[in-house]
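Asks: Sharing my_file_38.cif (mmCIF, C-alpha atoms and all ligand atoms) below.
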data_start
loop_
_atom_site.label_atom_id
_atom_site.label_comp_id
_atom_site.auth_asym_id
_atom_site.auth_seq_id
_atom_site.Cartn_x
_atom_site.Cartn_y
_atom_site.Cartn_z
CA LEU Q 1 95.08 107.10 91.47
CA PRO Q 2 98.80 106.44 91.29
CA ILE Q 3 99.88 107.14 94.88
CA PRO Q 4 103.63 106.67 95.39
CA THR Q 5 104.93 104.67 98.33
CA ARG Q 6 107.85 105.36 100.60
CA THR Q 7 110.10 102.72 102.16
CA LEU Q 8 110.26 102.60 105.96
CA ASN Q 9 113.32 101.68 108.06
CA ASP Q 10 111.95 98.14 108.45
CA GLY Q 11 111.85 97.68 104.67
CA LYS Q 12 108.05 97.99 104.40
CA GLU Q 13 106.26 100.35 102.00
CA ILE Q 14 103.71 102.99 103.01
CA PRO Q 15 101.52 104.97 100.60
CA GLN Q 16 102.64 108.58 100.95
CA LEU Q 17 99.03 109.78 100.98
CA GLY Q 18 95.97 108.52 102.84
CA LEU Q 19 92.74 109.58 104.53
CA GLY Q 20 92.58 110.54 108.21
CA VAL Q 21 89.34 109.90 110.09
CA PHE Q 22 89.80 111.94 113.29
CA LEU Q 23 86.45 113.51 114.25
CA VAL Q 24 84.61 111.54 111.59
CA GLU Q 25 81.37 110.50 113.28
CA PRO Q 26 80.95 106.74 113.65
CA GLY Q 27 77.65 107.03 111.78
CA GLU Q 28 79.39 108.58 108.79
CA THR Q 29 82.66 106.68 108.82
CA GLU Q 30 81.68 103.62 106.82
CA ARG Q 31 80.33 105.74 103.95
CA ILE Q 32 83.32 108.07 103.97
CA VAL Q 33 85.93 105.31 104.04
CA SER Q 34 84.02 103.42 101.35
CA GLU Q 35 84.03 106.53 99.16
CA ALA Q 36 87.73 107.06 99.77
CA LEU Q 37 88.48 103.47 98.75
CA GLU Q 38 86.31 103.93 95.64
CA VAL Q 39 88.17 107.09 94.71
CA GLY Q 40 91.46 105.20 95.04
CA TYR Q 41 92.74 105.77 98.58
CA ARG Q 42 94.45 102.70 100.05
CA HIS Q 43 95.82 104.16 103.31
CA ILE Q 44 93.53 104.94 106.27
CA ASP Q 45 94.67 106.54 109.53
CA THR Q 46 92.44 105.84 112.53
CA ALA Q 47 92.94 105.38 116.31
CA ALA Q 48 91.20 103.61 119.16
CA ILE Q 49 90.23 106.98 120.65
CA TYR Q 50 88.49 108.07 117.42
CA GLN Q 51 85.85 105.43 118.21
CA ASN Q 52 85.30 104.61 114.56
CA GLU Q 53 87.54 101.55 114.05
CA ALA Q 54 84.55 99.22 113.65
CA GLU Q 55 83.11 101.40 110.89
CA VAL Q 56 86.51 101.63 109.16
CA GLY Q 57 86.61 97.84 109.31
CA ARG Q 58 83.16 97.49 107.80
CA ALA Q 59 84.14 99.68 104.85
CA ILE Q 60 87.29 97.61 104.33
CA ALA Q 61 85.34 94.37 104.39
CA ALA Q 62 82.68 95.71 102.03
CA SER Q 63 85.27 97.00 99.55
CA GLY Q 64 86.54 93.57 98.58
CA ILE Q 65 89.99 95.11 98.06
CA PRO Q 66 92.73 92.54 98.78
CA ARG Q 67 94.17 93.09 102.25
CA ASP Q 68 97.71 93.42 100.91
CA GLU Q 69 96.70 96.46 98.85
CA LEU Q 70 95.56 98.37 101.94
CA PHE Q 71 97.59 100.21 104.57
CA ILE Q 72 95.72 100.56 107.87
CA THR Q 73 97.07 102.49 110.85
CA THR Q 74 95.63 102.58 114.34
CA LYS Q 75 96.96 103.88 117.66
CA LEU Q 76 97.38 102.88 121.29
CA TRP Q 77 95.41 105.24 123.53
CA ASN Q 78 97.07 106.80 126.59
CA SER Q 79 95.03 104.91 129.19
CA ASP Q 80 96.14 101.60 127.60
CA GLN Q 81 99.90 102.23 127.70
CA GLU Q 82 100.28 99.54 130.34
CA ASP Q 83 98.40 96.98 128.23
CA PRO Q 84 99.36 97.33 124.56
CA ASN Q 85 98.67 93.64 123.96
CA GLY Q 86 95.08 93.84 125.13
CA ALA Q 87 94.60 97.17 123.36
CA ILE Q 88 95.73 95.96 119.96
CA ASP Q 89 93.65 92.82 120.24
CA ALA Q 90 90.62 95.01 120.94
CA SER Q 91 91.45 97.29 117.99
CA LEU Q 92 91.91 94.31 115.64
CA GLU Q 93 88.61 92.88 116.82
CA ARG Q 94 86.82 96.15 116.10
CA LEU Q 95 88.55 96.51 112.72
CA GLY Q 96 87.80 92.89 111.83
CA LEU Q 97 91.46 92.38 110.85
CA ASP Q 98 94.15 90.00 112.00
CA ARG Q 99 96.85 92.62 111.58
CA VAL Q 100 97.27 96.34 111.01
CA ASP Q 101 100.04 97.78 108.89
CA LEU Q 102 101.11 100.34 111.47
CA TYR Q 103 100.51 100.64 115.21
CA LEU Q 104 101.50 103.87 116.94
CA ILE Q 105 101.80 104.96 120.57
CA HIS Q 106 99.39 107.91 120.33
CA TRP Q 107 101.08 110.32 122.80
CA PRO Q 108 104.22 110.07 124.96
CA VAL Q 109 102.42 111.27 128.14
CA PRO Q 110 105.65 111.92 130.09
CA ALA Q 111 103.58 112.35 133.27
CA LEU Q 112 102.63 108.66 133.13
CA GLY Q 113 106.14 107.33 132.56
CA THR Q 114 104.77 104.26 130.77
CA ALA Q 115 105.75 104.99 127.15
CA LEU Q 116 108.95 102.93 127.29
CA GLY Q 117 107.07 99.90 128.56
CA ALA Q 118 104.45 100.46 125.88
CA TRP Q 119 107.20 100.55 123.24
CA ARG Q 120 108.49 97.19 124.48
CA GLY Q 121 104.91 95.95 124.06
CA LEU Q 122 104.79 97.24 120.48
CA ILE Q 123 108.06 95.43 119.72
CA ASP Q 124 106.37 92.18 120.86
CA ILE Q 125 103.27 93.04 118.81
CA ALA Q 126 105.40 93.43 115.68
CA ALA Q 127 107.15 90.12 116.41
CA SER Q 128 103.73 88.45 116.73
CA GLY Q 129 102.65 89.80 113.32
CA ARG Q 130 99.71 91.77 114.67
CA SER Q 131 101.25 94.99 113.30
CA THR Q 132 103.60 94.93 110.34
CA SER Q 133 105.30 98.19 111.34
CA ILE Q 134 105.42 100.07 114.62
CA GLY Q 135 105.98 103.68 115.54
CA VAL Q 136 104.95 106.60 117.69
CA SER Q 137 103.01 109.84 117.53
CA ASN Q 138 103.62 113.22 119.12
CA PHE Q 139 107.08 112.20 120.34
CA GLU Q 140 109.67 114.94 120.84
CA ILE Q 141 113.42 114.29 120.45
CA PRO Q 142 114.03 113.24 124.09
CA HIS Q 143 111.05 110.87 123.99
CA LEU Q 144 112.39 109.23 120.81
CA GLN Q 145 115.92 109.13 122.16
CA GLN Q 146 114.79 107.23 125.26
CA LEU Q 147 113.09 104.49 123.23
CA ILE Q 148 116.10 104.11 120.95
CA ASP Q 149 118.63 104.10 123.81
CA GLU Q 150 116.69 101.63 125.93
CA THR Q 151 115.55 99.16 123.27
CA GLY Q 152 117.74 99.70 120.19
CA VAL Q 153 114.55 99.55 118.12
CA VAL Q 154 114.03 102.74 116.13
CA PRO Q 155 110.36 103.63 115.47
CA ALA Q 156 109.46 103.40 111.77
CA ILE Q 157 107.26 106.51 112.03
CA ASN Q 158 106.74 109.60 114.15
CA GLN Q 159 103.34 111.21 113.47
CA VAL Q 160 103.27 114.84 114.65
CA GLU Q 161 101.39 118.08 114.14
CA LEU Q 162 103.16 119.58 111.16
CA HIS Q 163 102.20 122.16 108.52
CA PRO Q 164 103.74 125.30 107.05
CA LEU Q 165 102.96 127.32 110.20
CA HIS Q 166 104.56 124.65 112.42
CA GLN Q 167 107.38 123.02 110.47
CA ARG Q 168 109.23 121.10 113.20
CA ARG Q 169 112.63 121.48 111.49
CA GLU Q 170 114.77 120.27 114.38
CA LEU Q 171 112.56 117.25 114.99
CA ARG Q 172 112.49 116.44 111.25
CA ALA Q 173 116.29 116.62 111.05
CA PHE Q 174 116.58 114.26 114.03
CA CYS Q 175 114.11 111.84 112.46
CA ARG Q 176 115.98 111.97 109.14
CA GLU Q 177 119.28 111.13 110.89
CA GLN Q 178 117.66 108.26 112.76
CA GLY Q 179 115.76 106.89 109.75
CA ILE Q 180 112.35 107.66 111.24
CA ALA Q 181 109.75 108.62 108.60
CA VAL Q 182 107.61 111.63 109.51
CA GLU Q 183 103.83 111.81 109.14
CA SER Q 184 102.02 115.16 109.42
CA TRP Q 185 98.82 115.36 111.34
CA GLY Q 186 96.75 118.47 110.77
CA PRO Q 187 98.61 118.93 107.46
CA LEU Q 188 96.18 121.74 106.53
CA SER Q 189 96.36 123.10 110.13
CA GLN Q 190 92.93 121.57 110.75
CA GLY Q 191 91.18 124.63 109.30
CA LYS Q 192 92.33 126.56 112.40
CA SER Q 193 94.42 129.18 110.59
CA ASP Q 194 94.53 131.41 107.52
CA LEU Q 195 97.12 129.12 105.92
CA LEU Q 196 95.05 128.50 102.80
CA THR Q 197 94.70 132.23 102.07
CA ARG Q 198 98.36 133.18 102.52
CA PRO Q 199 99.76 134.77 99.34
CA GLU Q 200 102.77 132.39 99.36
CA VAL Q 201 100.27 129.54 99.01
CA THR Q 202 97.65 131.15 96.75
CA SER Q 203 100.21 132.49 94.25
CA ALA Q 204 101.69 129.01 93.81
CA ALA Q 205 98.17 127.62 93.46
CA GLU Q 206 97.41 130.10 90.71
CA ALA Q 207 100.68 129.42 88.91
CA HIS Q 208 99.99 125.67 88.77
CA GLY Q 209 96.20 125.76 88.31
CA LYS Q 210 95.79 123.96 91.65
CA THR Q 211 93.98 124.78 94.90
CA ALA Q 212 95.62 126.16 98.02
CA ALA Q 213 95.06 122.84 99.81
CA GLN Q 214 96.79 120.98 96.99
CA VAL Q 215 99.78 123.32 97.22
CA VAL Q 216 100.11 122.79 100.98
CA LEU Q 217 99.79 119.01 100.62
CA ARG Q 218 102.35 119.07 97.80
CA TRP Q 219 104.73 121.00 100.12
CA HIS Q 220 104.50 118.09 102.59
CA LEU Q 221 105.14 115.49 99.88
CA GLN Q 222 108.15 117.37 98.50
CA ASN Q 223 109.54 117.39 102.04
CA ASP Q 224 109.33 113.58 102.07
CA ILE Q 225 106.47 113.69 104.61
CA ILE Q 226 103.51 111.29 104.66
CA VAL Q 227 100.04 112.94 104.80
CA PHE Q 228 96.41 111.88 105.31
CA PRO Q 229 94.25 115.00 105.17
CA LYS Q 230 90.79 114.58 106.60
CA THR Q 231 87.66 115.38 104.67
CA VAL Q 232 84.15 113.96 104.61
CA ARG Q 233 83.46 115.32 101.13
CA ARG Q 234 84.07 113.13 98.12
CA GLU Q 235 85.11 115.98 95.83
CA ARG Q 236 87.73 117.02 98.37
CA MET Q 237 88.98 113.43 98.62
CA VAL Q 238 89.63 113.61 94.89
CA GLU Q 239 91.16 117.08 95.18
CA ASN Q 240 93.43 116.11 98.09
CA ALA Q 241 94.81 113.12 96.23
CA ASP Q 242 95.36 114.91 92.91
CA LEU Q 243 98.90 115.96 93.78
CA PHE Q 244 101.13 113.97 91.50
CA ASP Q 245 100.99 115.94 88.25
CA PHE Q 246 102.77 119.11 89.36
CA GLU Q 247 105.83 120.16 91.28
CA LEU Q 248 106.45 123.28 93.36
CA SER Q 249 109.59 125.13 92.31
CA GLY Q 250 112.50 125.76 94.67
CA ALA Q 251 111.37 129.37 95.00
CA GLU Q 252 107.76 128.34 95.79
CA MET Q 253 108.96 125.83 98.40
CA ALA Q 254 111.24 128.46 99.94
CA ALA Q 255 108.39 130.99 100.14
CA ILE Q 256 106.23 128.46 102.01
CA ASP Q 257 109.19 127.55 104.22
CA GLY Q 258 109.17 131.22 105.18
CA LEU Q 259 105.72 130.84 106.78
CA ASP Q 260 106.99 128.89 109.79
CA GLN Q 261 105.68 130.47 113.01
CA GLN Q 262 106.62 127.46 115.12
CA HIS Q 263 103.05 127.58 116.36
CA ASN Q 264 101.09 124.47 117.28
CA PHE Q 265 97.31 124.60 117.19
CA GLY Q 266 96.92 121.25 118.92
CA PRO Q 267 98.05 120.03 122.35
CA ASP Q 268 101.65 120.28 123.57
CA PRO Q 269 103.13 116.75 123.58
CA ALA Q 270 105.28 117.50 126.64
CA THR Q 271 102.24 118.11 128.85
CA TYR Q 272 99.28 116.43 127.17
CA ASN Q 273 98.01 113.77 129.54
CA GLN Q 274 94.37 113.11 128.69
CA ARG Q 275 93.36 109.54 129.52
P1 LIG G 301 93.62 118.46 108.57
O1 LIG G 301 94.73 119.43 108.55
O2 LIG G 301 93.65 117.28 107.66
O3 LIG G 301 92.34 119.35 108.35
C1 LIG G 301 91.09 118.78 108.10
C2 LIG G 301 90.13 119.92 107.78
O4 LIG G 301 90.63 120.67 106.68
C3 LIG G 301 88.79 119.36 107.31
O5 LIG G 301 87.91 119.23 108.40
C4 LIG G 301 88.32 120.41 106.33
O6 LIG G 301 87.60 121.38 107.02
C5 LIG G 301 89.58 121.01 105.81
N1 LIG G 301 89.90 120.53 104.44
C6 LIG G 301 90.19 119.27 104.03
N2 LIG G 301 90.44 119.24 102.72
C7 LIG G 301 90.32 120.50 102.28
C8 LIG G 301 90.44 121.12 101.01
N3 LIG G 301 90.79 120.42 99.93
N4 LIG G 301 90.26 122.46 100.92
C9 LIG G 301 89.93 123.18 102.01
N5 LIG G 301 89.80 122.67 103.25
C10 LIG G 301 89.98 121.32 103.38
O7 LIG G 301 93.43 117.99 110.09
P2 LIG G 301 93.19 116.63 110.84
O8 LIG G 301 92.00 115.90 110.37
O9 LIG G 301 93.23 116.93 112.28
O10 LIG G 301 94.49 115.79 110.47
C11 LIG G 301 94.50 114.72 109.53
C12 LIG G 301 94.55 113.40 110.23
O11 LIG G 301 95.67 113.33 111.10
C13 LIG G 301 93.37 113.11 111.16
O12 LIG G 301 92.20 112.81 110.49
C14 LIG G 301 93.93 111.98 111.96
O13 LIG G 301 93.90 110.76 111.21
C15 LIG G 301 95.36 112.44 112.17
N6 LIG G 301 95.54 113.14 113.47
C16 LIG G 301 96.37 112.59 114.38
C17 LIG G 301 96.60 113.19 115.60
C18 LIG G 301 97.54 112.56 116.56
O14 LIG G 301 97.61 112.98 117.72
N7 LIG G 301 98.31 111.57 116.17
C19 LIG G 301 95.93 114.38 115.94
C20 LIG G 301 95.08 114.94 115.00
C21 LIG G 301 94.90 114.32 113.77
#
Let me see the file written as C-alpha cells.
Replies:
Amino acid sequence: LPIPTRTLNDGKEIPQLGLGVFLVEPGETERIVSEALEVGYRHIDTAAIYQNEAEVGRAIAASGIPRDELFITTKLWNSDQEDPNGAIDASLERLGLDRVDLYLIHWPVPALGTALGAWRGLIDIAASGRSTSIGVSNFEIPHLQQLIDETGVVPAINQVELHPLHQRRELRAFCREQGIAVESWGPLSQGKSDLLTRPEVTSAAEAHGKTAAQVVLRWHLQNDIIVFPKTVRRERMVENADLFDFELSGAEMAAIDGLDQQHNFGPDPATYNQR
C-alpha cells in the first residue's frame, strides 16, 4: 500500500491516511489493528479516552514493524488538562512505547480555561522527546489564536469533525495560513447521514469504478486533509486505503463542495465539557 506522506510545520512526515479506533471495543482492538497493519496501514489514531491504547500497543508489538515506520497518535483527555506530563506517561505506558508521533489536546473545553496551560505542557513533552509532533483537536479559530499568541508555538495539527456536509472552510483557510495541517474526524460523517447515497457522490463513484466511501475519502485527500476512517472490517480497511489510483475531476470536487450544510453531527467544541 503506497500511502503518501505530508510534511508538517515541524518538518516531520505524517501518512495522509490511517485507521481510527474510536468506539473499537478493547476486546477487538488488537485484532483490528493487527489486521490494519497487515493490510498496510502504518498510521493509527487513538486517544486515552478510547480506552484501547493497551490493545493498540499489543498489536504494534506483535507486528514486528520497525517503530520508525509507524505513526501513532494519542490524545490528552479533558480531565487531564492540568497534568499533561502524567497523562502522556500513562498513555505511553499503556501503549508500551517510549514516544508517540503525535500528541493532541483532545478538546479545548473553554469552560475549564486550562487549554493554554496544557499546550505549554505539550511543548515540554515535545522537547522531552515523548511526542515527536504536537497539536490539538476540536479547536476553533479563537482557541488556536490564543495558543499561538501566548506561546509562539503553532500546533502541527488540528483534528476536527470535517466531511462534505460540514466542510469548515473558514477554519481550514485559517489553518492553511498558519501552517497547521488539518485532520478530519468522522470523515464519512460517522454513518450518521445520507452522505454516501448523495448523487454528487454516487455519480463520481460510478464514473471511476469506486465506492461512495472511496470518493468521499478521496475528496478529503484532494483537499490536502489527513484522514483515518474507522472500520472493524478487513475488506473495508482495504477499500478505504485504495484511494491512490484515481483522481476526482474539478467538476466532481465542485459538486461535492456544493454539499456543505455546515452541520456538525458531533459535539460543539465551544461548549463540550465532558470530563
Ligand atoms: P467515520 O466517519 O470514520 O465513520 C466510521 C463509520 O463509517 C464506521 O463505523 C462504518 O460504519 C462506516 N464505514 C467505514 N468505512 C466504510 C465504507 N468503506 N463504506 C461504508 N461505510 C463505512 O467516523 P469516526 O470513526 O468517528 O472517525 C474516524 C476517527 O476519527 C475515529 O476512529 C477517531 O480515531 C477519530 N475521532 C476523533 C474525534 C475527536 O474528537 N478528536 C472524534 C471522533 C472520532
Asks: Hey, which residues sit close to ligand LIG 301 (chain G)? Say within 6 Å, counting all atoms listed in the file, and write them as a list in words.
Replies: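 Listing the residues within 6 Å of ligand LIG 301 (chain G) gives Gly20, Val21, Phe22, Asp45, Thr46, His106, Ser137, Gln159, Trp185, Gly186, Pro187, Leu188, Ser189, Gln190, Gly191, Ala213, Phe228, Pro229, Lys230, Thr231, Arg236, Glu239 and Asn240 of chain Q.
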Asks: For Q:Leu144, list every protein, DNA or RNA residue within 12 Å, evaluated using only C-alpha atoms, and leave out those in the same chain fewer than 2 positions away; present the list as a count of residues only.
Replies: 36
Asks: Tell me which of Q:Ser91, Q:Ser193, Q:Asn223, Q:Thr132 sits closest to Q:Phe265, counting all atoms listed in the file.
Replies: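 Once distances to Q:Phe265 are computed over all atoms listed in the file, the minimum belongs to Q:Ser193.
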Asks: Rounded to one decimal in Å, what is the spacing between atom CA of Q:Gly57 and atom CA of Q:Arg31?
Replies: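 Value for the atom CA of Q:Gly57-atom CA of Q:Arg31 distance: 11.4 Å.
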Asks: Excluding same-chain residues fewer than 6 positions from Q:Val109, what lies within 8 Å of it counting all atoms listed in the file, as a list in words?
Replies: Asn78, Ala115, Pro269, Ala270, Thr271, Tyr272 and Asn273 of chain Q
Asks: If you keep C-alpha atoms, can you produce a file of those selected residues as a short mmCIF file (atom, residue, chain, number, x, y, z; two decimals), in the coordinates of the input?
Replies:
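result12.cif written:
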data_model
loop_
_atom_site.label_atom_id
_atom_site.label_comp_id
_atom_site.auth_asym_id
_atom_site.auth_seq_id
_atom_site.Cartn_x
_atom_site.Cartn_y
_atom_site.Cartn_z
CA ASN Q 78 97.07 106.80 126.59
CA ALA Q 115 105.75 104.99 127.15
CA PRO Q 269 103.13 116.75 123.58
CA ALA Q 270 105.28 117.50 126.64
CA THR Q 271 102.24 118.11 128.85
CA TYR Q 272 99.28 116.43 127.17
CA ASN Q 273 98.01 113.77 129.54
#
Asks: Which one is closest to Q:Ala126: Q:Pro15, Q:Leu217, Q:Asp10, Q:Ala47? Count all atoms listed in the file.
Replies: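 With all atoms listed in the file as the atom set, the closest residue is Q:Asp10.
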Asks: Between Q:Asp224, Q:Asp83, Q:Glu35, Q:Glu200, which residue has the minimum interatomic distance to Q:Ala181, considering all atoms listed in the file?
Replies: Q:Asp224
Asks: Could you check which of Q:Gln51, Q:Ala59, Q:Gln145, Q:Lys210 is closest to Q:Glu177, using only C-alpha atoms?
Replies: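 When distances to Q:Glu177 are compared using only C-alpha atoms, the smallest one comes from Q:Gln145.
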Asks: What is the atom CA of Q:Gly266 to atom CA of Q:Lys192 distance in Å?
Replies: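 Going from atom CA of Q:Gly266 over to atom CA of Q:Lys192 covers 9.6 Å.
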Asks: Taking all atoms listed in the file into account, name the residue in Q:Glu82, Q:Pro267, Q:Leu17, Q:Ala87 that is nearest to Q:Arg218.
Replies: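 Selected residue with least distance to Q:Arg218: Q:Leu17.
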Asks: Do a neighbour search on stretch 25-27 of chain Q at 10 Å with all atoms listed in the file, toss out local chain neighbours closer than 4 positions, and write the hits as a ChimeraX atom specification.
Replies: /Q:21,31-32,50-56,232
Asks: Just checking: using all atoms listed in the file, which residue out of Q:Gln167, Q:Asn264, Q:Ser133, Q:Ser79 ends up closest to Q:Val216?
Replies: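 Looking at the shortest contact to Q:Val216, the residue is Q:Gln167.
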Asks: Using all atoms listed in the file - which residues lie no farther than 8 Å from the point (91.0, 128.5, 100.4) in the file's frame? Write them as a ChimeraX atom specification.
Replies: /Q:196-197,211-213
Asks: Excluding Q:Asp98 and its own-chain neighbours fewer than 3 positions away, which residues fall within 8 Å of it when counting all atoms listed in the file? Please give them as a PyMOL selection string.
Replies: chain Q and resi 92-93+130
Asks: Can you work out the spacing between atom CA of Q:Val227 and atom CA of Q:Val160 in Å, to one decimal?
Replies: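 If I compute the distance from atom CA of Q:Val227 to atom CA of Q:Val160, I get 10.5 Å.
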Asks: Which residues come within 9 Å of Q:Glu247, counting all atoms listed in the file, excluding same-chain residues fewer than 2 positions away, as a list in words?
Replies: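 What passes the distance filter is His208, Arg218, Trp219, Gln222, Leu243, Phe244, Asp245 and Ser249 of chain Q.
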